[in-house]
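> I'd like to ask some things about the structure below.
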Amino acid sequence: MTTLRAVPIGVGHYLPDRVVPNSEFMDWLDTSDEWIKSRSGIERRHFAAKGQLTSDLAIQAANMALADAGLQPNDIDAIVLATSTPDQTFPSTATKVQQAIGMTQGFAFDVQAVCAGFAFALTNANALIVAQQAKRVMVIGAETFSRIMNWEDRTTCVLFGDGAGAVILEAQEGTGDTSDRGILACDLNSDGRYNDVLYVDGGVSSTQTTGVLVMQGQEVFKHAVQKLAQTANAALAKVGLGHSDVDWVVPHQANLRIIKRTAAKLEVPMEKVVVTVQDHGNTSAASIPLALSVAKQRGQIKKGQLLLTEAIGGGLSWGAVLIRW
Ligand code: UT7
């Protein structure tokens, strides 16, 4: 018996040119490089230029992933793009990427699960492949969170950055066991009772404005460590694997302290955790594909290794995806 697997065959990323070190915030905020570094692990982040849109970042990441896979745009059947900072209310940012890269067939749509968006997008893409609705899916996480910051709120505006990452998945026959390459397990969760711990105070049907991000940081922190470990363990358990089987944890990059505590709960040493938060800040749905692409460039992740990705964000929404690279 064979099983269809969604196998990663290309990866790419893009970061806007402008690098903003922690020290820049001290020009107008009561903050310090020391506070930001010690509380979050963040040293710098990238901000999109004026007029540079989420789709512009996504297009660059998509083209790099196509080149990495050695594919042409029309080799892709679907684009699933995770973002909470779309170019416009509609059409989807995914269709703007589809048009810009010259993909004239298939379909494209956005997924919105905030910082957990890439886990939700990967799970959707995996389902499309397993259900034979698409043979190759480009999964993108792309964000311009600098556009929804309250620049007077030192508790949030120092934490986020802009960027994009993309992974191309291809349907390949596997044997059905965990030695197969591809997505082996997905675990998704959300709990709307926590809507108010992390949200944007505007929107189409409420205020007709974009709004700015509001977060109860400590509250989110507490949920994060517990829920990330729970979902990661759930994904492993679905296929009978354990923490010692994992080659790399590729976590959502929000806070180095959350990353370390979650790794400790999972009993995975930090040598096996991909960390990019110091250079990117929290790029929401883009953080995991960015980390994957950077880790590949660094020579950290290699074909055949077992990768455990996990993320949590507004909703609250959280999830994990287990991938044999
Ligand atoms: O990606 C979506 C998920 N989001 C997250 O995972 C974020 C989760 N939360 C966090 O990462 C952390 O809670 C933060 C980094 C946001 C904050 O770290 P914390 O250790 O929880 O700090 P805190 O909120 O308890 O604040 C400690 C102190 C406060 O002062 P007082 O009340 O003790 O006098 C804050 O006002 O630090 C103060 N503070 C700052 N000081 C300098 C808050 N922001 C800053 C700042 N610079 N930027």
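In the structure tokens, the first chain shown is A, the next is B, and so on; residue numbers restart at 1 for each chain, and ligands run from 1 in the order shown.
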Residues of chain A that have any atom at most 8 Å from an atom of ligand 1: could you tabulate them with the shortest-distance atom pair and the distance in Å to one decimal, using only C-alpha atoms and all ligand atoms, ordered by chain and increasing number, as a tab-separated table?

residue	atom	partner	partner_atom_place_in_ligand_line	distance
A:Leu29	CA	ligand 1	48 (N)	7.7
A:Asp30	CA	ligand 1	47 (N)	6.1
A:Thr31	CA	ligand 1	47 (N)	3.6
A:Ser32	CA	ligand 1	47 (N)	5.8
A:Trp35	CA	ligand 1	42 (C)	5.4
A:Ile36	CA	ligand 1	48 (N)	5.9
A:Arg39	CA	ligand 1	18 (O)	5.1
A:Ser40	CA	ligand 1	15 (C)	4.9
A:Val114	CA	ligand 1	2 (C)	7.7
A:Cys115	CA	ligand 1	1 (O)	5.1
A:Ala116	CA	ligand 1	1 (O)	7.9
A:Asp153	CA	ligand 1	44 (N)	7.9
A:Arg154	CA	ligand 1	48 (N)	4.2
A:Thr155	CA	ligand 1	44 (N)	3.6
A:Thr156	CA	ligand 1	16 (C)	6.4
A:Cys157	CA	ligand 1	48 (N)	7.6
A:Val158	CA	ligand 1	48 (N)	6.0
A:Leu159	CA	ligand 1	15 (C)	7.1
A:Leu198	CA	ligand 1	2 (C)	7.7
A:Met215	CA	ligand 1	16 (C)	7.7
A:Gln216	CA	ligand 1	13 (O)	7.3
A:Gly217	CA	ligand 1	13 (O)	3.6
A:Gln218	CA	ligand 1	13 (O)	4.0
A:Glu219	CA	ligand 1	13 (O)	7.1
A:Val220	CA	ligand 1	8 (C)	4.8
A:Phe221	CA	ligand 1	8 (C)	4.1
A:Lys222	CA	ligand 1	8 (C)	7.8
A:Ala224	CA	ligand 1	6 (O)	6.1
A:His252	CA	ligand 1	1 (O)	7.2
A:Gln253	CA	ligand 1	1 (O)	7.3
A:Ala254	CA	ligand 1	1 (O)	4.8
A:Asn255	CA	ligand 1	11 (O)	5.0
A:Arg257	CA	ligand 1	11 (O)	7.6
A:Ile258	CA	ligand 1	6 (O)	6.9
A:Asn282	CA	ligand 1	1 (O)	6.1
A:Thr283	CA	ligand 1	1 (O)	7.8
A:Ser284	CA	ligand 1	1 (O)	5.7
A:Ala311	CA	ligand 1	1 (O)	7.8
A:Ile312	CA	ligand 1	3 (C)	5.9
A:Gly313	CA	ligand 1	2 (C)	4.1
A:Gly314	CA	ligand 1	2 (C)	6.5
> At a cut-off of 7 Å, using only C-alpha atoms, what residues contact region 290-298 of chain A? Leave out same-chain residues fewer than 6 positions from it and give the result as a PDB file with C-alpha atoms, in the first residue's frame.

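Saved the output as part-v2.pdb:
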ATOM      1  CA  VAL A  11      12.229  26.810   0.060  1.00  0.00           C
ATOM      2  CA  GLY A  12      12.826  30.552  -0.075  1.00  0.00           C
ATOM      3  CA  HIS A  13      12.600  33.738   1.932  1.00  0.00           C
ATOM      4  CA  ALA A 164       8.230  36.340   4.064  1.00  0.00           C
ATOM      5  CA  GLY A 165       9.072  32.680   3.573  1.00  0.00           C
ATOM      6  CA  VAL A 250      11.695  24.915  14.125  1.00  0.00           C
ATOM      7  CA  VAL A 274      16.550  26.677  14.961  1.00  0.00           C
ATOM      8  CA  THR A 276      16.372  33.342  14.164  1.00  0.00           C
TER       9      THR A 276
END
> Using DSSP assignments from the backbone, pull out every residue in region 70-257 of chain A that falls under strand (DSSP E) and give it to me as a PyMOL selection string.
chain A and resi 78-82+107-111+136-144+162-174+182-190+198-200+213-215+248-251
> Compare A:Asn195, A:Thr54, A:Asn63, A:Asn233 by their minimum atom-to-atom distance to Ala285 (chain A), counting only C-alpha atoms, and give me the closest one.
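Ranking A:Asn195, A:Thr54, A:Asn63, A:Asn233 by distance to Ala285 (chain A), first place goes to A:Thr54.
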> Excluding same-chain residues fewer than 2 positions from Gln112 (chain A), what lies within 8 Å of it counting only C-alpha atoms, as a ChimeraX atom specification?
/A:82-84,110,114,117
> For Lys302 (chain A), which residue out of A:Arg193, A:Arg324, A:Leu316, A:Ser179 is the nearest one, using only C-alpha atoms?
A:Arg324
> Nearest to Glu43 (chain A) among A:Phe25, A:Trp248, A:Phe120, A:Phe107, with distances taken over only C-alpha atoms: which residue is it?
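Between A:Phe25, A:Trp248, A:Phe120, A:Phe107, the residue approaching Glu43 (chain A) most closely is A:Phe25.
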> Might you pull out every residue within 12 Å of Asp201 (chain A), with only C-alpha atoms counted and same-chain residues fewer than 2 positions away left off, and present them as a ChimeraX atom specification?
/A:148-150,195-199,203-215
> Write the residues of the preceding selection, restricted to N, CA, C and O atoms, as a compact mmCIF listing (two decimals), in the first residue's frame.

# COMPACT_ATOMS: atom_id res chain seq x y z
N ILE A 148 0.87 47.57 11.57
CA ILE A 148 -0.21 47.52 12.58
C ILE A 148 0.34 47.69 14.00
O ILE A 148 -0.22 47.19 14.97
N MET A 149 1.48 48.41 14.09
CA MET A 149 2.05 48.67 15.41
C MET A 149 1.51 49.98 15.98
O MET A 149 1.26 50.93 15.26
N ASN A 150 1.36 49.99 17.31
CA ASN A 150 1.14 51.25 18.03
C ASN A 150 2.52 51.71 18.48
O ASN A 150 3.09 51.15 19.43
N ASN A 195 -9.72 35.45 22.76
CA ASN A 195 -9.65 36.50 21.73
C ASN A 195 -8.98 37.78 22.24
O ASN A 195 -8.25 38.45 21.52
N ASP A 196 -9.27 38.12 23.51
CA ASP A 196 -8.87 39.44 24.00
C ASP A 196 -7.45 39.52 24.56
O ASP A 196 -7.04 40.58 25.03
N VAL A 197 -6.68 38.45 24.53
CA VAL A 197 -5.29 38.57 25.03
C VAL A 197 -4.32 39.04 23.93
O VAL A 197 -3.22 39.48 24.22
N LEU A 198 -4.78 38.94 22.69
CA LEU A 198 -3.93 39.36 21.56
C LEU A 198 -4.85 39.64 20.37
O LEU A 198 -5.47 38.71 19.86
N TYR A 199 -4.96 40.94 20.00
CA TYR A 199 -5.89 41.28 18.93
C TYR A 199 -5.48 42.60 18.28
O TYR A 199 -4.57 43.28 18.78
N GLY A 203 -10.98 46.86 12.21
CA GLY A 203 -11.30 45.86 11.21
C GLY A 203 -12.43 46.31 10.32
O GLY A 203 -13.09 47.32 10.58
N VAL A 204 -12.65 45.56 9.26
CA VAL A 204 -13.60 45.94 8.22
C VAL A 204 -15.00 46.14 8.78
O VAL A 204 -15.60 47.19 8.62
N SER A 205 -15.52 45.15 9.48
CA SER A 205 -16.93 45.24 9.85
C SER A 205 -17.13 45.95 11.19
O SER A 205 -18.24 46.30 11.54
N SER A 206 -16.04 46.16 11.95
CA SER A 206 -16.20 46.83 13.25
C SER A 206 -15.94 48.33 13.18
O SER A 206 -16.81 49.14 13.49
N THR A 207 -14.75 48.72 12.74
CA THR A 207 -14.38 50.15 12.79
C THR A 207 -14.12 50.75 11.41
O THR A 207 -13.94 51.95 11.30
N GLN A 208 -14.04 49.87 10.41
CA GLN A 208 -13.64 50.29 9.05
C GLN A 208 -12.26 50.94 9.03
O GLN A 208 -11.94 51.74 8.15
N THR A 209 -11.45 50.61 10.05
CA THR A 209 -10.06 51.03 10.05
C THR A 209 -9.19 49.78 10.21
O THR A 209 -9.71 48.71 10.54
N THR A 210 -7.88 49.93 10.01
CA THR A 210 -7.00 48.76 10.13
C THR A 210 -6.78 48.39 11.59
O THR A 210 -6.74 47.22 11.94
N GLY A 211 -6.61 49.40 12.45
CA GLY A 211 -6.36 49.14 13.87
C GLY A 211 -4.90 48.85 14.14
O GLY A 211 -4.08 48.74 13.23
N VAL A 212 -4.58 48.75 15.44
CA VAL A 212 -3.21 48.42 15.87
C VAL A 212 -3.23 47.24 16.82
O VAL A 212 -4.25 46.94 17.46
N LEU A 213 -2.08 46.58 16.93
CA LEU A 213 -1.96 45.37 17.75
C LEU A 213 -1.99 45.71 19.24
O LEU A 213 -1.35 46.66 19.68
N VAL A 214 -2.75 44.90 19.98
CA VAL A 214 -2.85 45.03 21.44
C VAL A 214 -2.55 43.65 22.03
O VAL A 214 -3.11 42.65 21.56
N MET A 215 -1.64 43.59 23.01
CA MET A 215 -1.29 42.27 23.56
C MET A 215 -1.11 42.33 25.07
O MET A 215 -0.46 43.24 25.59
> Considering only C-alpha atoms, tabulate each residue of region 32-112 of chain A that lies at most 9 Å from region 15-23 of chain A along with its nearest interatomic pair and the corresponding distance in Å to one decimal; arrange the rows by chain and ascending residue number and present them as a Markdown table.

| residue | atom | partner | partner_atom | distance |
| --- | --- | --- | --- | --- |
| A:Ser32 | CA | A:Ser23 | CA | 6.7 |
| A:Asp33 | CA | A:Asn22 | CA | 5.1 |
| A:Glu34 | CA | A:Asn22 | CA | 8.7 |
| A:Ile36 | CA | A:Asn22 | CA | 7.1 |
| A:Lys37 | CA | A:Asn22 | CA | 8.2 |
| A:Ile42 | CA | A:Asn22 | CA | 7.8 |
| A:Glu43 | CA | A:Asn22 | CA | 5.8 |
| A:Arg44 | CA | A:Pro21 | CA | 4.2 |
| A:Arg45 | CA | A:Val20 | CA | 5.4 |
| A:His46 | CA | A:Val19 | CA | 4.5 |
| A:Phe47 | CA | A:Arg18 | CA | 5.6 |
| A:Ala48 | CA | A:Pro16 | CA | 5.2 |
| A:Ala49 | CA | A:Arg18 | CA | 7.1 |
| A:Gln52 | CA | A:Pro16 | CA | 8.6 |
| A:Leu57 | CA | A:Leu15 | CA | 7.2 |
| A:Gln60 | CA | A:Leu15 | CA | 8.9 |
| A:Ala61 | CA | A:Leu15 | CA | 8.7 |
> Measuring atom to atom with only C-alpha atoms, identify which of A:Gly174, A:Gly319, A:Gly102, A:Gly163 is nearest to Thr231 (chain A).
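Among the listed residues, the smallest separation from Thr231 (chain A) belongs to A:Gly319.
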> Between A:Ala58, A:Leu306, A:Leu81, A:Ala166, which residue has the minimum interatomic distance to Leu184 (chain A), considering only C-alpha atoms?
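Closest residue, counting only C-alpha atoms: A:Leu306.
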> Leaving out Ser55 (chain A) and any residue of its chain fewer than 2 positions from it, which residues lie within 7 Å of it when counting only C-alpha atoms, given as a PyMOL selection string?
chain A and resi 53+57-59+87+93+96-97
> Generate the output file for the selected residues, N, CA, C and O atoms, as a compact mmCIF listing (two decimals), in the first residue's frame.

# COMPACT_ATOMS: atom_id res chain seq x y z
N LEU A 53 4.69 46.17 -0.19
CA LEU A 53 3.51 45.47 0.34
C LEU A 53 3.85 44.05 0.78
O LEU A 53 4.89 43.50 0.39
N LEU A 57 6.87 41.16 -0.63
CA LEU A 57 7.77 40.29 0.15
C LEU A 57 7.53 38.83 -0.25
O LEU A 57 8.47 38.05 -0.46
N ALA A 58 6.24 38.48 -0.36
CA ALA A 58 5.86 37.10 -0.68
C ALA A 58 6.36 36.69 -2.07
O ALA A 58 6.80 35.56 -2.27
N ILE A 59 6.29 37.63 -3.02
CA ILE A 59 6.71 37.33 -4.40
C ILE A 59 8.20 36.97 -4.44
O ILE A 59 8.61 36.02 -5.11
N ASP A 87 -2.44 42.83 1.62
CA ASP A 87 -2.34 44.11 0.89
C ASP A 87 -3.65 44.88 0.99
O ASP A 87 -3.67 46.08 1.21
N THR A 93 -4.16 38.14 -0.93
CA THR A 93 -2.76 38.41 -1.28
C THR A 93 -2.20 37.25 -2.11
O THR A 93 -1.35 37.45 -2.98
N LYS A 96 -2.60 37.88 -5.70
CA LYS A 96 -1.65 38.90 -6.19
C LYS A 96 -0.29 38.26 -6.47
O LYS A 96 0.38 38.59 -7.44
N VAL A 97 0.10 37.32 -5.61
CA VAL A 97 1.36 36.60 -5.83
C VAL A 97 1.23 35.74 -7.08
O VAL A 97 2.14 35.69 -7.93
